[in-house]
Each structure stands twice: as structure tokens, then as C-alpha cells.
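The file input22.txt contains compact mmCIF, C-alpha atoms:
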```txt
# COMPACT_ATOMS: atom_id res chain seq x y z
CA MET A 1 29.07 7.29 -19.85
CA ALA A 2 25.60 6.01 -19.11
CA ASP A 3 23.31 5.02 -21.96
CA PRO A 4 22.00 8.08 -23.76
CA ILE A 5 18.52 9.18 -22.76
CA ALA A 6 15.85 9.08 -25.45
CA PHE A 7 13.95 12.23 -26.45
CA THR A 8 11.18 12.90 -23.99
CA THR A 9 8.70 15.54 -22.91
CA ASP A 10 9.27 14.59 -19.26
CA VAL A 11 11.34 16.89 -17.06
CA VAL A 12 15.02 16.08 -17.51
CA GLU A 13 17.87 17.26 -15.27
CA TRP A 14 21.28 18.33 -16.50
CA ALA A 15 24.50 17.26 -14.80
CA PRO A 16 27.62 19.32 -15.54
CA TRP A 17 31.05 17.93 -16.39
CA ILE A 18 32.54 21.22 -15.13
CA GLU A 19 32.70 22.09 -11.45
CA PRO A 20 30.05 24.83 -10.97
CA ILE A 21 31.12 27.95 -9.10
CA ASP A 22 30.29 28.01 -5.40
CA LEU A 23 27.84 30.82 -4.65
CA ALA A 24 29.31 31.15 -1.15
CA THR A 25 32.70 32.14 -2.56
CA ALA A 26 31.48 33.81 -5.79
CA THR A 27 32.85 37.20 -6.81
CA SER A 28 30.50 40.19 -6.95
CA GLU A 29 30.68 40.07 -10.75
CA GLN A 30 29.69 36.39 -10.73
CA ARG A 31 26.78 37.13 -8.40
CA ALA A 32 25.65 40.02 -10.59
CA SER A 33 25.72 37.79 -13.68
CA LEU A 34 23.26 35.44 -11.96
CA THR A 35 20.61 38.03 -11.02
CA GLU A 36 18.69 37.46 -14.26
CA THR A 37 18.11 33.83 -15.17
CA VAL A 38 17.07 32.11 -18.39
CA SER A 39 13.25 31.96 -18.60
CA ASN A 40 13.12 33.43 -15.07
CA THR A 41 13.89 30.04 -13.49
CA LYS A 42 15.88 29.39 -10.34
CA ILE A 43 19.69 29.40 -10.44
CA THR A 44 20.66 26.06 -11.94
CA ALA A 45 23.88 24.05 -12.16
CA TYR A 46 24.01 25.22 -15.78
CA SER A 47 24.09 28.91 -14.83
CA LEU A 48 26.61 28.20 -12.07
CA VAL A 49 28.85 26.60 -14.69
CA LEU A 50 28.47 29.53 -17.08
CA ALA A 51 29.18 31.97 -14.21
CA HIS A 52 32.86 30.99 -14.53
CA ASP A 53 32.77 33.67 -17.25
CA PRO A 54 30.38 36.25 -15.77
CA ALA A 55 30.90 38.89 -18.46
CA ALA A 56 29.72 36.48 -21.16
CA LEU A 57 26.86 35.13 -19.03
CA GLY A 58 25.72 38.66 -18.18
CA GLU A 59 25.14 39.35 -21.89
CA ARG A 60 23.87 35.92 -22.87
CA THR A 61 21.02 35.63 -20.37
CA PRO A 62 19.19 38.85 -21.35
CA LEU A 63 19.88 38.04 -25.00
CA PHE A 64 18.27 34.60 -24.60
CA ASN A 65 15.24 36.06 -22.83
CA LYS A 66 14.72 38.83 -25.41
CA ILE A 67 14.95 36.33 -28.26
CA MET A 68 12.48 33.89 -26.75
CA TYR A 69 10.06 36.33 -25.06
CA ALA A 70 10.14 39.72 -26.83
CA PRO A 71 6.59 40.87 -27.64
CA ARG A 72 5.08 41.03 -31.16
CA GLY A 73 6.70 39.34 -34.11
CA LEU A 74 6.85 35.56 -34.27
CA PRO A 75 4.32 33.88 -31.92
CA ARG A 76 6.11 32.33 -28.97
CA ALA A 77 4.81 28.84 -29.74
CA GLU A 78 6.55 29.04 -33.12
CA ARG A 79 9.82 30.19 -31.54
CA GLU A 80 9.56 27.08 -29.37
CA LEU A 81 8.77 24.86 -32.37
CA ALA A 82 11.84 26.11 -34.24
CA THR A 83 14.14 25.54 -31.27
CA LEU A 84 12.58 22.11 -30.69
CA VAL A 85 13.33 20.81 -34.19
CA GLU A 86 16.83 22.27 -34.04
CA SER A 87 17.48 20.65 -30.64
CA VAL A 88 16.35 17.29 -32.03
CA LEU A 89 18.60 17.70 -35.09
CA ASN A 90 21.56 18.48 -32.84
CA GLY A 91 20.73 15.69 -30.40
CA CYS A 92 20.07 17.88 -27.35
CA VAL A 93 17.69 15.77 -25.25
CA PHE A 94 17.62 18.29 -22.41
CA CYS A 95 16.86 21.31 -24.65
CA ALA A 96 14.24 19.34 -26.61
CA SER A 97 12.39 18.29 -23.45
CA VAL A 98 12.14 21.87 -22.18
CA HIS A 99 11.06 23.39 -25.48
CA ALA A 100 8.70 20.56 -26.43
CA ARG A 101 6.82 21.22 -23.18
CA ARG A 102 6.73 24.97 -23.82
CA PHE A 103 5.54 24.42 -27.38
CA VAL A 104 2.69 22.18 -26.22
CA GLU A 105 1.80 24.65 -23.45
CA LEU A 106 1.80 27.74 -25.74
CA ASP A 107 0.31 26.26 -28.89
CA GLN A 108 -3.18 27.49 -29.68
CA THR A 109 -4.26 24.22 -31.24
CA PRO A 110 -5.79 21.55 -28.97
CA GLU A 111 -3.04 20.08 -26.82
CA THR A 112 -3.26 16.60 -28.23
CA MET A 113 -2.41 17.97 -31.66
CA ALA A 114 0.71 19.75 -30.42
CA SER A 115 1.66 16.60 -28.50
CA GLU A 116 1.24 14.56 -31.66
CA VAL A 117 3.45 17.00 -33.55
CA VAL A 118 6.15 16.56 -30.89
CA ALA A 119 5.80 12.76 -30.99
CA ARG A 120 6.25 12.75 -34.77
CA ILE A 121 9.27 15.07 -34.56
CA TYR A 122 10.83 12.77 -31.95
CA ALA A 123 10.12 9.72 -34.14
CA GLY A 124 11.79 11.42 -37.12
CA GLU A 125 8.50 11.42 -39.02
CA ASP A 126 6.86 14.18 -41.05
CA PRO A 127 5.16 16.25 -38.33
CA GLY A 128 2.20 16.93 -40.66
CA LEU A 129 2.25 20.71 -40.28
CA GLY A 130 0.37 23.31 -42.31
CA SER A 131 2.23 25.35 -44.92
CA ARG A 132 3.29 28.15 -42.56
CA ARG A 133 4.85 25.91 -39.94
CA ALA A 134 6.27 23.55 -42.55
CA ALA A 135 8.15 26.48 -44.12
CA LEU A 136 9.26 27.59 -40.64
CA VAL A 137 10.61 24.14 -39.77
CA ASP A 138 12.37 23.78 -43.16
CA TYR A 139 14.21 27.06 -42.66
CA ALA A 140 15.02 26.31 -39.01
CA LEU A 141 16.55 22.95 -39.89
CA ALA A 142 18.48 24.34 -42.88
CA LEU A 143 19.94 27.15 -40.75
CA SER A 144 20.86 24.69 -37.98
CA HIS A 145 23.34 22.75 -40.12
CA THR A 146 27.09 23.50 -40.08
CA PRO A 147 27.52 25.09 -42.55
CA SER A 148 24.04 26.50 -42.96
CA ARG A 149 21.93 25.14 -45.81
CA ALA A 150 19.48 28.05 -45.72
CA THR A 151 18.89 29.72 -49.09
CA ALA A 152 16.88 32.55 -50.61
CA GLU A 153 14.30 29.89 -51.55
CA HIS A 154 13.67 29.22 -47.85
CA LEU A 155 13.08 32.94 -47.31
CA THR A 156 10.75 33.12 -50.28
CA ALA A 157 8.81 30.13 -48.92
CA LEU A 158 8.48 31.84 -45.53
CA ARG A 159 7.15 35.00 -47.15
CA GLU A 160 4.73 33.04 -49.32
CA ALA A 161 3.52 31.23 -46.20
CA GLY A 162 2.66 34.62 -44.72
CA LEU A 163 5.56 35.37 -42.38
CA GLY A 164 6.40 39.07 -42.10
CA ASP A 165 9.94 40.42 -41.91
CA LEU A 166 9.96 40.81 -38.14
CA GLU A 167 8.74 37.23 -37.80
CA ILE A 168 11.54 36.01 -40.06
CA LEU A 169 14.09 37.97 -38.04
CA ASP A 170 12.69 36.53 -34.79
CA LEU A 171 12.85 33.03 -36.26
CA THR A 172 16.46 33.58 -37.33
CA HIS A 173 17.36 34.81 -33.85
CA ALA A 174 15.69 31.81 -32.18
CA VAL A 175 17.51 29.31 -34.39
CA ALA A 176 20.82 31.14 -33.93
CA MET A 177 20.36 31.20 -30.14
CA PHE A 178 19.82 27.45 -30.06
CA ALA A 179 22.90 26.83 -32.16
CA TRP A 180 24.48 28.46 -29.09
CA ALA A 181 22.40 26.79 -26.35
CA ASN A 182 22.56 23.28 -27.80
CA ARG A 183 26.36 23.46 -28.04
CA LEU A 184 26.77 24.47 -24.40
CA MET A 185 24.31 21.88 -23.12
CA LEU A 186 25.77 19.06 -25.23
CA THR A 187 29.46 19.68 -24.54
CA LEU A 188 29.58 20.87 -20.90
CA GLY A 189 27.36 18.23 -19.34
CA GLU A 190 24.68 15.63 -19.94
CA PRO A 191 20.99 15.02 -19.37
CA THR A 192 20.00 12.84 -16.45
CA GLY A 193 16.58 11.51 -15.57
CA PRO A 194 13.83 11.84 -16.63
CA VAL A 195 12.60 12.91 -13.23
CA THR A 196 9.15 11.57 -12.41
CA MET B 1 32.50 49.44 -26.57
CA SER B 2 33.55 50.64 -30.00
CA GLY B 3 30.15 52.19 -30.81
CA THR B 4 29.82 50.31 -34.10
CA ASP B 5 27.85 47.12 -34.49
CA LEU B 6 29.88 44.26 -35.94
CA LEU B 7 27.00 42.41 -37.60
CA ASP B 8 25.57 45.59 -39.17
CA THR B 9 29.03 46.23 -40.60
CA LEU B 10 29.61 42.67 -41.84
CA ALA B 11 26.11 42.42 -43.35
CA GLY B 12 26.69 45.76 -45.06
CA LEU B 13 23.51 47.23 -43.57
CA ARG B 14 23.26 50.91 -44.43
CA PRO B 15 21.83 53.06 -41.64
CA GLY B 16 18.16 53.63 -42.37
CA SER B 17 17.90 50.73 -44.85
CA ARG B 18 14.89 48.49 -44.49
CA ILE B 19 16.78 45.60 -42.85
CA ALA B 20 18.72 47.96 -40.58
CA SER B 21 15.41 49.48 -39.43
CA LEU B 22 13.98 46.01 -38.92
CA ARG B 23 16.98 45.06 -36.80
CA ALA B 24 16.45 48.26 -34.79
CA GLU B 25 13.01 46.92 -33.80
CA ARG B 26 14.98 44.30 -31.85
CA ALA B 27 17.53 46.79 -30.53
CA ASP B 28 18.05 44.89 -27.24
CA ILE B 29 18.96 41.78 -29.18
CA ALA B 30 21.45 43.65 -31.34
CA ARG B 31 22.92 45.34 -28.24
CA HIS B 32 23.43 42.11 -26.28
CA THR B 33 24.76 40.35 -29.39
CA GLN B 34 27.41 43.04 -29.63
CA GLY B 35 27.90 42.86 -25.85
CA ALA B 36 28.53 39.12 -25.96
CA TYR B 37 31.04 39.70 -28.75
CA GLU B 38 32.85 42.30 -26.64
CA ALA B 39 32.82 40.06 -23.55
CA LEU B 40 34.25 37.06 -25.38
CA MET B 41 36.53 38.63 -27.97
CA ARG B 42 37.65 41.83 -26.22
CA PRO B 43 37.60 40.79 -22.54
CA ALA B 44 38.92 43.08 -19.84
CA ASP B 45 40.74 40.08 -18.37
CA PRO B 46 41.35 37.21 -20.83
CA GLY B 47 42.38 34.85 -18.00
CA GLY B 48 44.04 31.68 -19.28
CA LEU B 49 42.66 32.02 -22.82
CA PRO B 50 44.72 34.66 -24.64
CA LEU B 51 43.33 36.88 -27.40
CA SER B 52 45.33 34.99 -30.04
CA GLU B 53 43.60 31.71 -29.15
CA ARG B 54 40.20 33.41 -28.92
CA ALA B 55 40.61 34.91 -32.40
CA ALA B 56 41.84 31.59 -33.81
CA VAL B 57 38.88 29.71 -32.29
CA ALA B 58 36.42 32.21 -33.74
CA ALA B 59 38.11 32.00 -37.15
CA ILE B 60 37.84 28.18 -37.18
CA VAL B 61 34.13 28.31 -36.35
CA ALA B 62 33.41 31.01 -38.94
CA HIS B 63 35.24 29.04 -41.64
CA LEU B 64 33.57 25.72 -40.73
CA ASN B 65 30.31 27.59 -41.27
CA GLU B 66 31.64 28.80 -44.65
CA ASP B 67 30.94 32.37 -43.61
CA ALA B 68 33.26 34.44 -45.82
CA ALA B 69 32.62 37.82 -44.18
CA LEU B 70 32.90 36.57 -40.60
CA GLY B 71 35.86 34.33 -41.47
CA ALA B 72 37.74 37.23 -43.03
CA TYR B 73 36.95 39.39 -40.02
CA TYR B 74 38.33 36.89 -37.51
CA ASP B 75 41.32 36.16 -39.76
CA GLY B 76 42.05 39.87 -39.42
CA ARG B 77 41.82 39.67 -35.62
CA LEU B 78 44.08 36.63 -35.75
CA ALA B 79 46.67 38.49 -37.84
CA GLU B 80 46.76 41.18 -35.12
CA HIS B 81 47.36 38.69 -32.33
CA GLY B 82 49.42 35.97 -34.01
CA LEU B 83 48.60 32.38 -34.86
CA PRO B 84 48.71 29.92 -31.94
CA ALA B 85 50.68 26.70 -32.50
CA GLY B 86 51.84 23.60 -30.64
CA PRO B 87 50.25 20.64 -28.87
CA ARG B 88 48.01 22.81 -26.68
CA TRP B 89 46.59 24.50 -29.75
CA ASP B 90 46.18 21.18 -31.59
CA THR B 91 44.04 19.89 -28.72
CA ILE B 92 42.00 23.09 -28.51
CA SER B 93 41.40 23.31 -32.26
CA ALA B 94 40.26 19.67 -32.47
CA HIS B 95 37.79 20.32 -29.65
CA VAL B 96 36.53 23.48 -31.32
CA ALA B 97 35.82 21.65 -34.59
CA MET B 98 33.85 18.98 -32.71
CA VAL B 99 31.72 21.51 -30.82
CA ALA B 100 31.04 23.50 -33.99
CA ARG B 101 30.24 20.53 -36.25
CA SER B 102 28.92 17.70 -34.11
CA PRO B 103 28.24 18.86 -30.54
CA ARG B 104 26.46 15.56 -29.81
CA ASP B 105 29.99 14.09 -29.60
CA GLY B 106 30.68 16.09 -26.44
CA SER B 107 32.02 13.99 -23.54
CA PRO B 108 33.75 14.25 -20.17
CA ASP B 109 36.86 12.84 -21.87
CA ALA B 110 36.89 15.74 -24.32
CA LEU B 111 36.99 18.20 -21.39
CA ALA B 112 39.66 16.11 -19.66
CA ARG B 113 41.89 16.50 -22.72
CA LEU B 114 41.52 20.29 -22.45
CA ARG B 115 42.53 20.17 -18.77
CA VAL B 116 45.62 18.14 -19.66
CA VAL B 117 46.87 20.96 -21.91
CA GLY B 118 46.34 23.52 -19.16
CA LEU B 119 42.83 24.89 -19.50
CA SER B 120 41.08 25.78 -16.24
CA GLU B 121 37.35 25.28 -15.65
CA ARG B 122 36.86 28.96 -16.48
CA ASP B 123 38.92 28.66 -19.67
CA ILE B 124 36.85 25.67 -20.80
CA VAL B 125 33.62 27.59 -20.22
CA THR B 126 34.95 30.58 -22.14
CA LEU B 127 36.20 28.39 -24.98
CA SER B 128 32.78 26.73 -25.24
CA GLN B 129 31.05 30.11 -25.13
CA ILE B 130 33.20 31.39 -28.00
CA VAL B 131 32.45 28.38 -30.22
CA ALA B 132 28.75 28.55 -29.38
CA PHE B 133 28.61 32.34 -29.76
CA VAL B 134 30.24 32.35 -33.21
CA SER B 135 27.83 29.54 -34.19
CA TYR B 136 25.06 31.98 -33.21
CA GLN B 137 26.70 34.97 -34.85
CA THR B 138 27.12 33.28 -38.25
CA ARG B 139 23.45 32.25 -38.32
CA VAL B 140 22.21 35.74 -37.51
CA LEU B 141 24.50 37.08 -40.22
CA SER B 142 23.24 34.45 -42.72
CA GLY B 143 19.65 35.41 -42.03
CA LEU B 144 20.37 39.13 -42.41
CA GLU B 145 22.24 38.52 -45.66
CA LEU B 146 19.42 36.37 -47.05
CA MET B 147 16.86 39.04 -46.16
CA GLU B 148 19.03 41.69 -47.81
CA SER B 149 19.43 39.57 -50.94
CA LEU B 150 15.67 39.39 -51.44
CA ASP B 151 15.46 43.16 -51.21
CA GLY B 152 18.13 43.65 -53.90
```
Write out the structure in this file as C-alpha cells.
Amino acid sequence: MADPIAFTTDVVEWAPWIEPIDLATATSEQRASLTETVSNTKITAYSLVLAHDPAALGERTPLFNKIMYAPRGLPRAERELATLVESVLNGCVFCASVHARRFVELDQTPETMASEVVARIYAGEDPGLGSRRAALVDYALALSHTPSRATAEHLTALREAGLGDLEILDLTHAVAMFAWANRLMLTLGEPTGPVT
Amino acid sequence: MSGTDLLDTLAGLRPGSRIASLRAERADIARHTQGAYEALMRPADPGGLPLSERAAVAAIVAHLNEDAALGAYYDGRLAEHGLPAGPRWDTISAHVAMVARSPRDGSPDALARLRVVGLSERDIVTLSQIVAFVSYQTRVLSGLELMESLDG
């Protein structure tokens, strides 16, 4: 294997270790499973790999999109922040690059501040967040471990920091989804690039 | 589809309870979570990954996550289908533990070992989806249980 790529906010590609399906010879079920894509992007090598099991992909893609984009509840920037810290914990350079960029793009604070937060997370430093986001990151990281280290104290801290129940459910879903996404990305292929 | 929701059942959510109603606000998420479960654990065509191996994989992941309710559930599925054994299963179960616990250790060599014991590209994708899905499932269940515990 090539040297591992460091965490980056640049665009990274992903190269599969599994032969992707060939769209030209794909079954109708495989084609149908590719009609919706994650984050409404083009069909990638990743989705062509997952299309080997179209029934699973056909459920996973809408599930991913609902978890990351459903209206109300946890602000989208905070869904991205949770999945970013989890991706860094798990070592998913590809996932981190995508969700670091989305976090910076969606965050309401001036961009340099969000970029600094990302830089500190990548450096393994205290990101210097306010109480709400600090509680969010603590819970996200605890829930990311195998087995989970999340406790009732984490939930109490989230509530005290002002998160409502729907926000806590959304946060839980986002972290759970990236336990899923990180594992596929890390064990079925590898990041390549960054592309400049 | 069985009509019942596995995570509602395992979390002991009573219909109409506060957490059940909260979960209903994200009905699409609950529906596709159940759908992914059906697709992976009750497939119309299991291909080269039989139901016994699927149940055993899910049980390993649930237990590595120390999820008693989910572990007991998949143990029950495993008892229905029979415990896999032999060199093929040893290779699969070692891979499953790696993906569940330390996915950063993934490598082309790890997938090559699965091919040697007879897994096709499709089987490898399905195997990975099951490990990753149960890793998702246990975390949703943990969150629901923690929210329930605060309501007690």
C-alpha cells in the first residue's frame, strides 16, 4: 500500500479494492438502486461497488440522505461536525475531507473560525468550541467507540447545553450512520489524492 | 416486511410513548433502518452468504458492541439457522471483528483472504454492509435507550 494520506480539507478521491459493477451489464435492480445517490452527487466508484448488493444500497442511500438532510432538528452544520470528529477518530481520511468541507460551508460563524476548528480537530487539539458544540462532540466521540462509551451523563450534558430531543435523536442518527459509512470506506477501498 | 419495527421492539418503546413519538417524527429514517435490516438479514436471495453466516456476523458485531438486547436477538436468529464453523468461518469472523473494532486496519490483503475462502465480490460487499449496518443499529439503539433512561 502507498503511504497513508494525511487528513485534509482538499478533495480526495476514493479507489475501490472491489471490482465495481459495470453499468453496461448491470441488472435492472442494480440500476434502480443507483437512481438516488448520496448527497445527490454523480454515480461514483463507491456506489458502483455497493451496487453489488442493490437491495441494501436501495435502503441505505435514502437513509443516509434523510439523516444528513432532513429539515428541522439538529442544524446541518452540527450533523457535519459530529460526523467529522467521528471520521477522524476512525481514521477515515476520505469521509473527513468531505464532511470538513461541508461543515465549513454550512457553519454560520465566519469561515476562518470553522476552518480553525477543523484544523484543530485534525491536529488532535481541543477545538475550542462553546458549551453546546463541546457537549455534541463529546457525545459523538463516545458513541463512536466500539463498544460505545456514551452514558446518561452525556445526554444530560446535551440537554443542559440546550439540545432538544429531536436534535439529540438527529445527532444519534448521524453518528450511527457514520459508524456505517466509515467502515465501508475504510475496508472496501482507500483514499487517493488529494486532487488539486 | 413483518410490520413490526425491530429497534422499537428491542428498545422497548411503547406505542405512543414520548420516545416512540419522537422517533415517528423521523419516520423515513425508521422505515429505511428497518428496510436495510430486511435487505441484509432477510434477503430474497442470499447469494453466496447464507443466513446462518449473516446471523453469526450480526451476533459478533452486536456482542463486540456489548449490546445485550441486540446480541440476544441475533443469537436467537443464529439458533434458528445454525452456527457456522470451519476455516471459511474462521476467516470471515476474524475479518468481521477487524471491521467492527478497528476499520482503519482494512486492506486489500484482508479482502484477498475472503476471496480465498470463496467469497465473491458481491458477498464481500454484503458482508461489509452487515458489519457496518449492525454498527449503525447498535448506536441508534444505544441512543434510544439512553433517552428512555432519562425519562424513567
Which one is closest to chain A: B:Ala11, B:Val134, B:Val116, B:Leu83? Count only C-alpha atoms.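 Under the stated criterion, the closest residue is B:Val134.
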Correct to one decimal, the distance atom CA of Lys66 of chain A-atom CA of Ile29 of chain B is 6.4 Å
Do you have the atom CA of Ile168 of chain A-atom CA of Ala134 of chain A distance handy?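 Atom-to-atom, atom CA of Ile168 of chain A to atom CA of Ala134 of chain A, that is 13.8 Å.
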When you draw a straight line from atom CA of Arg18 of chain B to atom CA of Leu166 of chain A, how long is it in Å? 11.1 Å
All residues 12 Å or closer to Gly58 of chain A, only C-alpha atoms, same chain fewer than 5 positions away omitted, as a VMD selection string: (chain A and resid 29 to 38 47 50 to 53 63 to 65) or (chain B and resid 32 to 33 35 to 40)
Give the answer as one residue: which of B:Ser120, B:Ser142, B:Asn65, B:Gln129 has the shortest atom-to-atom distance to chain A, using all atoms listed in the file?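 Nearest candidate to chain A out of B:Ser120, B:Ser142, B:Asn65, B:Gln129: B:Asn65.
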If you count all atoms listed in the file, which residues fall within 10 Å of Ser52 of chain B, apart from same-chain ones fewer than 4 positions away, as a VMD selection string? chain B and resid 41 56 to 57 77 to 84
Proximity to chain A - best of B:Asp75, B:Glu53, B:Asp123, B:Asp8, all atoms listed in the file: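 Checking each candidate against chain A, we get B:Asp123 as the closest.
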Smallest atom-to-atom distance to chain B: which of A:Ala152, A:Ala157, A:Val93, A:Ala114, using all atoms listed in the file?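 Checking each candidate against chain B, we get A:Ala152 as the closest.
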Once you count only C-alpha atoms, what closest atom pair and distance in Å to one decimal does each residue of chain A within 6 Å of chain B have, with rows by chain and rising residue number, as JSON lines?
```
{"residue": "A:Trp17", "atom": "CA", "partner": "B:Pro108", "partner_atom": "CA", "distance": 5.9}
{"residue": "A:His52", "atom": "CA", "partner": "B:Arg122", "partner_atom": "CA", "distance": 4.9}
{"residue": "A:Ala55", "atom": "CA", "partner": "B:Ala39", "partner_atom": "CA", "distance": 5.6}
{"residue": "A:Ala56", "atom": "CA", "partner": "B:Ala39", "partner_atom": "CA", "distance": 5.3}
{"residue": "A:Glu59", "atom": "CA", "partner": "B:Ala36", "partner_atom": "CA", "distance": 5.3}
{"residue": "A:Leu63", "atom": "CA", "partner": "B:His32", "partner_atom": "CA", "distance": 5.6}
{"residue": "A:Gly91", "atom": "CA", "partner": "B:Arg104", "partner_atom": "CA", "distance": 5.8}
{"residue": "A:Thr146", "atom": "CA", "partner": "B:Asn65", "partner_atom": "CA", "distance": 5.3}
{"residue": "A:Pro147", "atom": "CA", "partner": "B:Asn65", "partner_atom": "CA", "distance": 4.0}
{"residue": "A:Ala152", "atom": "CA", "partner": "B:Leu146", "partner_atom": "CA", "distance": 5.8}
{"residue": "A:Thr172", "atom": "CA", "partner": "B:Gly143", "partner_atom": "CA", "distance": 6.0}
{"residue": "A:Ala176", "atom": "CA", "partner": "B:Tyr136", "partner_atom": "CA", "distance": 4.4}
{"residue": "A:Met177", "atom": "CA", "partner": "B:Tyr136", "partner_atom": "CA", "distance": 5.7}
{"residue": "A:Ala179", "atom": "CA", "partner": "B:Tyr136", "partner_atom": "CA", "distance": 5.7}
{"residue": "A:Trp180", "atom": "CA", "partner": "B:Ala132", "partner_atom": "CA", "distance": 4.3}
{"residue": "A:Arg183", "atom": "CA", "partner": "B:Pro103", "partner_atom": "CA", "distance": 5.6}
{"residue": "A:Leu186", "atom": "CA", "partner": "B:Arg104", "partner_atom": "CA", "distance": 5.8}
{"residue": "A:Thr187", "atom": "CA", "partner": "B:Gly106", "partner_atom": "CA", "distance": 4.2}
```
Need the shell around segment 10-13 of chain A: protein/DNA/RNA residues with any atom at most 10 Å away, counting all atoms listed in the file. Skip same-chain ones fewer than 3 positions apart. Format as a VMD selection string? chain A and resid 5 7 16 44 to 45 93 to 98 100 to 101 190 to 196
Same residues, C-alpha atoms, output as a PDB file, in the frame of the given file:
```
ATOM      1  CA  ILE A   5      18.520   9.180 -22.760  1.00  0.00           C
ATOM      2  CA  PHE A   7      13.950  12.230 -26.450  1.00  0.00           C
ATOM      3  CA  PRO A  16      27.620  19.320 -15.540  1.00  0.00           C
ATOM      4  CA  THR A  44      20.660  26.060 -11.940  1.00  0.00           C
ATOM      5  CA  ALA A  45      23.880  24.050 -12.160  1.00  0.00           C
ATOM      6  CA  VAL A  93      17.690  15.770 -25.250  1.00  0.00           C
ATOM      7  CA  PHE A  94      17.620  18.290 -22.410  1.00  0.00           C
ATOM      8  CA  CYS A  95      16.860  21.310 -24.650  1.00  0.00           C
ATOM      9  CA  ALA A  96      14.240  19.340 -26.610  1.00  0.00           C
ATOM     10  CA  SER A  97      12.390  18.290 -23.450  1.00  0.00           C
ATOM     11  CA  VAL A  98      12.140  21.870 -22.180  1.00  0.00           C
ATOM     12  CA  ALA A 100       8.700  20.560 -26.430  1.00  0.00           C
ATOM     13  CA  ARG A 101       6.820  21.220 -23.180  1.00  0.00           C
ATOM     14  CA  GLU A 190      24.680  15.630 -19.940  1.00  0.00           C
ATOM     15  CA  PRO A 191      20.990  15.020 -19.370  1.00  0.00           C
ATOM     16  CA  THR A 192      20.000  12.840 -16.450  1.00  0.00           C
ATOM     17  CA  GLY A 193      16.580  11.510 -15.570  1.00  0.00           C
ATOM     18  CA  PRO A 194      13.830  11.840 -16.630  1.00  0.00           C
ATOM     19  CA  VAL A 195      12.600  12.910 -13.230  1.00  0.00           C
ATOM     20  CA  THR A 196       9.150  11.570 -12.410  1.00  0.00           C
TER      21      THR A 196
END
```
If we count only C-alpha atoms and set the cut-off at 12 Å, which residues sit around Val85 of chain A, ignoring sequence neighbours fewer than 6 positions away in its own chain? Please answer as a PyMOL selection string. chain A and resi 7+78-79+91-93+95-97+99-100+103+117-127+133-134+136-145+174-175+178-179+182
